[in-house]
Amino acid sequence: MVSVRHNTSQGLPCAPSDLRQVEEIVNRSGTSFGRGMKILPPGRRDGMFAIYAFCRVVDDIADGDTPHDDPASALESWKGRIATLYEGQADTALERVLLEAIRQFGLRQDDFIAIIDGMLMDCGEPVVAPDEATLDLYCDRVASAVGRLSVRIFGTPEEQGDRLAYHLGRALQLTNILRDIAEDAARGRLYLPAELLRRYSVPADPAEALYAVGLDGLCRILAGRAKDHFRRATALMKQCPAATVRPARIMAASYRVTLAALCRRGWRNPEAPLRVCSVRKKLAMLLAAAGVSL
């Protein structure tokens with residue numbers, strides 16, 4: 001049984017060198033995530049850095065961005081490393097910080113394993129035209145599972161936290177899929193569900209799907225689903241203490257601006273540049289941080 005502590009006014013009780021190594025993983029990714037997490041108290045910020053660094057490491061393995069002869073085996077080995085953490089043992093800087101985050105916030109082992117399983121879905125043969133159930137499972141593993149870990153670090157009430165992770169995770173991942181259709185096709189991937197491909201007469205071949213007449217209609221169906229998940233997530237966030245959902249509000253605001261830009265551009269030519277108004281995005285994020293929506 002993991003004992004849960006919540007003294008987050010100080011950083012996690014880890015060696016400063018370990019915390020620095022974890023933060024370096026975040027910084028090397030080039031994401032704005034690190035800056036966004038600075039709004040959190042030090043202990044929660046350290047916990048989120050550890051979660052993001054873990055996700056970055058396993059994602060790089062799945063994408064072949066790290067030197068592993070057998071990426072699937074490397075990901076499976078991470079399952080063993082996670083199990084060892086829950087036995088109280090850690091060997092590397094990332095593992096030591098993760099161990100303390102697990103102890104501090106009561107993070108669940110199943111959520112780490114779900115993330116690894118999501119990365120395994122992207123490892124090996126490319127995902128092409130999954131059925132609806134498989135797509136939903138993929139979204140749960142690569143996005144909502146991250147959310148389930150995150151809401152515990154944020155301190156979101158448990159009653160709303162997992163449901164928030166469910167809806168916001170799917171909203172974010174569907175937005176990613178709609179944004180990255182052309183990029184994914186170049187990698188031989190097509191995350192659009194087989195049922196909708198058939199309904200809109202879109203070929204299941206990634207390269208051919210890009211120029212299918214029905215692609216725009218299909219993508220607008222998925223965009224509608226993403227919007228519905230955003231609405232449900234927003235309703236849940238209103239039921240929670242503001243400080244415990246502030247990072248989630250900011251992330252949702254940012255992605256909603258991206259989704260709106262996608263809907264304006266459409267998917268008749270998904271390779272066309274996406275024009276997202278940076279001023280509008282920053283304003284939406286600032287207002288979200290203050291608890292106000294556009």
# chains A, B, ... in the order shown; residues from 1 in each chain; ligands from 1
$ residues_around --residues "range 206-217 of chain A" --least-positions-apart "3" --cutoff "10 Å" --atoms "only C-alpha atoms" --output "PyMOL selection string"
chain A and resi 127-129+181-182+184-192+196-203+220-223+263+265-271
$ write_last_selection --atoms "N, CA and C atoms" --output "JSON list (two decimals), in the first residue's frame"
[["chain", "number", "residue", "atom", "x", "y", "z"],
["A", 127, "VAL", "N", -0.08, 1.92, -36.87],
["A", 127, "VAL", "CA", -1.52, 1.84, -36.67],
["A", 127, "VAL", "C", -2.21, 2.38, -37.92],
["A", 128, "VAL", "N", -3.09, 1.57, -38.52],
["A", 128, "VAL", "CA", -3.81, 1.98, -39.73],
["A", 128, "VAL", "C", -5.28, 1.60, -39.57],
["A", 129, "ALA", "N", -6.14, 2.62, -39.60],
["A", 129, "ALA", "CA", -7.59, 2.42, -39.60],
["A", 129, "ALA", "C", -8.06, 1.49, -38.48],
["A", 181, "ILE", "N", -2.79, 14.51, -39.27],
["A", 181, "ILE", "CA", -3.14, 13.50, -40.27],
["A", 181, "ILE", "C", -2.06, 13.38, -41.34],
["A", 182, "ALA", "N", -1.59, 14.50, -41.87],
["A", 182, "ALA", "CA", -0.59, 14.44, -42.95],
["A", 182, "ALA", "C", 0.74, 13.92, -42.42],
["A", 184, "ASP", "N", 1.22, 11.97, -39.85],
["A", 184, "ASP", "CA", 1.08, 10.53, -39.56],
["A", 184, "ASP", "C", 1.09, 9.71, -40.86],
["A", 185, "ALA", "N", 0.44, 10.24, -41.91],
["A", 185, "ALA", "CA", 0.42, 9.52, -43.19],
["A", 185, "ALA", "C", 1.83, 9.32, -43.73],
["A", 186, "ALA", "N", 2.69, 10.32, -43.53],
["A", 186, "ALA", "CA", 4.07, 10.20, -43.99],
["A", 186, "ALA", "C", 4.80, 9.07, -43.26],
["A", 187, "ARG", "N", 4.32, 8.71, -42.09],
["A", 187, "ARG", "CA", 4.90, 7.60, -41.32],
["A", 187, "ARG", "C", 4.13, 6.30, -41.55],
["A", 188, "GLY", "N", 3.17, 6.34, -42.46],
["A", 188, "GLY", "CA", 2.38, 5.14, -42.74],
["A", 188, "GLY", "C", 1.29, 4.89, -41.73],
["A", 189, "ARG", "N", 0.92, 5.92, -40.96],
["A", 189, "ARG", "CA", -0.09, 5.77, -39.92],
["A", 189, "ARG", "C", -1.39, 6.44, -40.32],
["A", 190, "LEU", "N", -2.50, 5.88, -39.85],
["A", 190, "LEU", "CA", -3.81, 6.48, -40.08],
["A", 190, "LEU", "C", -4.69, 6.12, -38.88],
["A", 191, "TYR", "N", -4.90, 7.10, -37.99],
["A", 191, "TYR", "CA", -5.63, 6.84, -36.74],
["A", 191, "TYR", "C", -7.14, 7.00, -36.89],
["A", 192, "LEU", "N", -7.63, 7.37, -38.07],
["A", 192, "LEU", "CA", -9.06, 7.55, -38.27],
["A", 192, "LEU", "C", -9.74, 6.19, -38.21],
["A", 196, "LEU", "N", -15.78, 4.99, -39.68],
["A", 196, "LEU", "CA", -16.01, 6.28, -40.34],
["A", 196, "LEU", "C", -15.38, 6.32, -41.72],
["A", 197, "LEU", "N", -14.25, 5.66, -41.90],
["A", 197, "LEU", "CA", -13.64, 5.60, -43.23],
["A", 197, "LEU", "C", -14.60, 4.97, -44.23],
["A", 198, "ARG", "N", -15.26, 3.88, -43.81],
["A", 198, "ARG", "CA", -16.22, 3.22, -44.71],
["A", 198, "ARG", "C", -17.42, 4.13, -44.96],
["A", 199, "ARG", "N", -17.93, 4.77, -43.91],
["A", 199, "ARG", "CA", -19.12, 5.61, -44.06],
["A", 199, "ARG", "C", -18.87, 6.76, -45.03],
["A", 200, "TYR", "N", -17.66, 7.33, -45.01],
["A", 200, "TYR", "CA", -17.36, 8.48, -45.85],
["A", 200, "TYR", "C", -16.55, 8.11, -47.09],
["A", 201, "SER", "N", -16.46, 6.81, -47.36],
["A", 201, "SER", "CA", -15.76, 6.31, -48.56],
["A", 201, "SER", "C", -14.34, 6.84, -48.64],
["A", 202, "VAL", "N", -13.65, 6.84, -47.52],
["A", 202, "VAL", "CA", -12.26, 7.26, -47.47],
["A", 202, "VAL", "C", -11.39, 6.01, -47.45],
["A", 203, "PRO", "N", -10.40, 5.91, -48.34],
["A", 203, "PRO", "CA", -9.55, 4.71, -48.37],
["A", 203, "PRO", "C", -8.79, 4.54, -47.05],
["A", 220, "ARG", "N", -14.74, 16.25, -39.49],
["A", 220, "ARG", "CA", -15.65, 17.12, -38.74],
["A", 220, "ARG", "C", -16.48, 16.32, -37.73],
["A", 221, "ILE", "N", -16.73, 15.05, -38.03],
["A", 221, "ILE", "CA", -17.38, 14.19, -37.04],
["A", 221, "ILE", "C", -16.47, 14.01, -35.82],
["A", 222, "LEU", "N", -15.19, 13.71, -36.07],
["A", 222, "LEU", "CA", -14.25, 13.55, -34.96],
["A", 222, "LEU", "C", -14.06, 14.86, -34.20],
["A", 223, "ALA", "N", -14.05, 15.99, -34.93],
["A", 223, "ALA", "CA", -13.93, 17.29, -34.27],
["A", 223, "ALA", "C", -15.13, 17.53, -33.35],
["A", 263, "CYS", "N", -10.86, 23.46, -37.65],
["A", 263, "CYS", "CA", -12.21, 23.47, -38.24],
["A", 263, "CYS", "C", -12.34, 24.59, -39.27],
["A", 265, "ARG", "N", -9.85, 25.77, -41.16],
["A", 265, "ARG", "CA", -9.08, 25.35, -42.34],
["A", 265, "ARG", "C", -9.75, 24.19, -43.05],
["A", 266, "GLY", "N", -10.31, 23.28, -42.27],
["A", 266, "GLY", "CA", -10.92, 22.08, -42.83],
["A", 266, "GLY", "C", -9.86, 21.05, -43.20],
["A", 267, "TRP", "N", -10.34, 19.95, -43.82],
["A", 267, "TRP", "CA", -9.44, 18.83, -44.16],
["A", 267, "TRP", "C", -9.53, 18.47, -45.64],
["A", 268, "ARG", "N", -9.94, 19.44, -46.46],
["A", 268, "ARG", "CA", -9.92, 19.19, -47.90],
["A", 268, "ARG", "C", -8.48, 19.10, -48.41],
["A", 269, "ASN", "N", -7.60, 19.80, -47.73],
["A", 269, "ASN", "CA", -6.16, 19.69, -48.00],
["A", 269, "ASN", "C", -5.44, 19.69, -46.65],
["A", 270, "PRO", "N", -5.33, 18.52, -46.02],
["A", 270, "PRO", "CA", -4.75, 18.47, -44.67],
["A", 270, "PRO", "C", -3.27, 18.80, -44.62],
["A", 271, "GLU", "N", -2.64, 18.91, -45.79],
["A", 271, "GLU", "CA", -1.23, 19.31, -45.81],
["A", 271, "GLU", "C", -1.06, 20.84, -45.81]]
$ residues_around --residues "range 253-262 of chain A" --least-positions-apart "6" --cutoff "8 Å" --atoms "only C-alpha atoms" --output "list in words"
Leu172, Thr175, Leu178, Arg179, Ala223, Lys227, Phe230, Leu274, Arg275, Val276, Arg280, Lys281, Lys282, Ala284, Met285, Ala288 and Ser293 of chain A
$ closest_atom_pairs --of "range 34-71 of chain A" --to "range 130-144 of chain A" --cutoff "12 Å" --atoms "only C-alpha atoms" --output "tab-separated table"
residue	atom	partner	partner_atom	distance
A:Tyr52	CA	A:Ala143	CA	11.7
A:Cys55	CA	A:Val142	CA	8.9
A:Arg56	CA	A:Val142	CA	11.4
A:Val58	CA	A:Val142	CA	10.7
A:Asp59	CA	A:Val142	CA	9.4
A:Ala62	CA	A:Val142	CA	11.7
$ closest_residue --among "A:Leu120, A:Ala15, A:Ala83, A:Ala204" --to "Asp63 in chain A" --atoms "only C-alpha atoms"
A:Leu120
$ select_by_dssp --residues "range 126-174 of chain A" --states "alpha helix (DSSP H)" --output "number ranges by chain"
A: 132-139, 145-154, 158-174
$ atom_distance --atom1 "CA of Gln109 in chain A" --atom2 "CA of Gln21 in chain A"
22.7 Å
$ atom_distance --atom1 "CA of Ile25 in chain A" --atom2 "CA of Met37 in chain A"
14.3 Å
$ atom_distance --atom1 "CA of Val245 in chain A" --atom2 "CA of Val151 in chain A"
7.8 Å
$ residues_around --residues "range 165-170 of chain A" --least-positions-apart "3" --cutoff "6 Å" --atoms "only C-alpha atoms" --output "list of chain:residue names"
A:Cys139, A:Ala143, A:Ser144, A:Gly147, A:Arg148, A:Asp162, A:Gln173, A:Leu174, A:His229, A:Ala233
$ residues_around --residues "Gly64 in chain A" --least-positions-apart "2" --cutoff "12 Å" --atoms "only C-alpha atoms" --output "list in words"
Val57, Val58, Asp59, Asp60, Ile61, Ala62, Thr66, Pro67, His68, Asp69, Asp70, Pro71, Ala72, Ala74, Leu75, Met119, Leu120, Asp122, Cys123, Gly124 and Arg187 of chain A
$ closest_residue --among "A:Pro42, A:Arg81, A:Ala194, A:Phe154" --to "Arg249 in chain A" --atoms "only C-alpha atoms"
A:Phe154
$ closest_residue --among "A:Asn27, A:Ser73, A:Thr244, A:Ser17" --to "Leu94 in chain A" --atoms "only C-alpha atoms"
A:Ser17
$ residues_around --residues "Leu98 in chain A" --least-positions-apart "5" --cutoff "8 Å" --atoms "only C-alpha atoms" --output "MDAnalysis selection string"
chainID A and resid 47 50:51 85
$ write_last_selection --atoms "C-alpha atoms" --output "PDB file, in the first residue's frame"
ATOM      1  CA  GLY A  47       5.861  15.422  -9.731  1.00  0.00           C
ATOM      2  CA  ALA A  50       8.691  13.309 -13.493  1.00  0.00           C
ATOM      3  CA  ILE A  51       5.486  12.196 -15.242  1.00  0.00           C
ATOM      4  CA  LEU A  85       9.284   1.190  -8.110  1.00  0.00           C
TER       5      LEU A  85
END
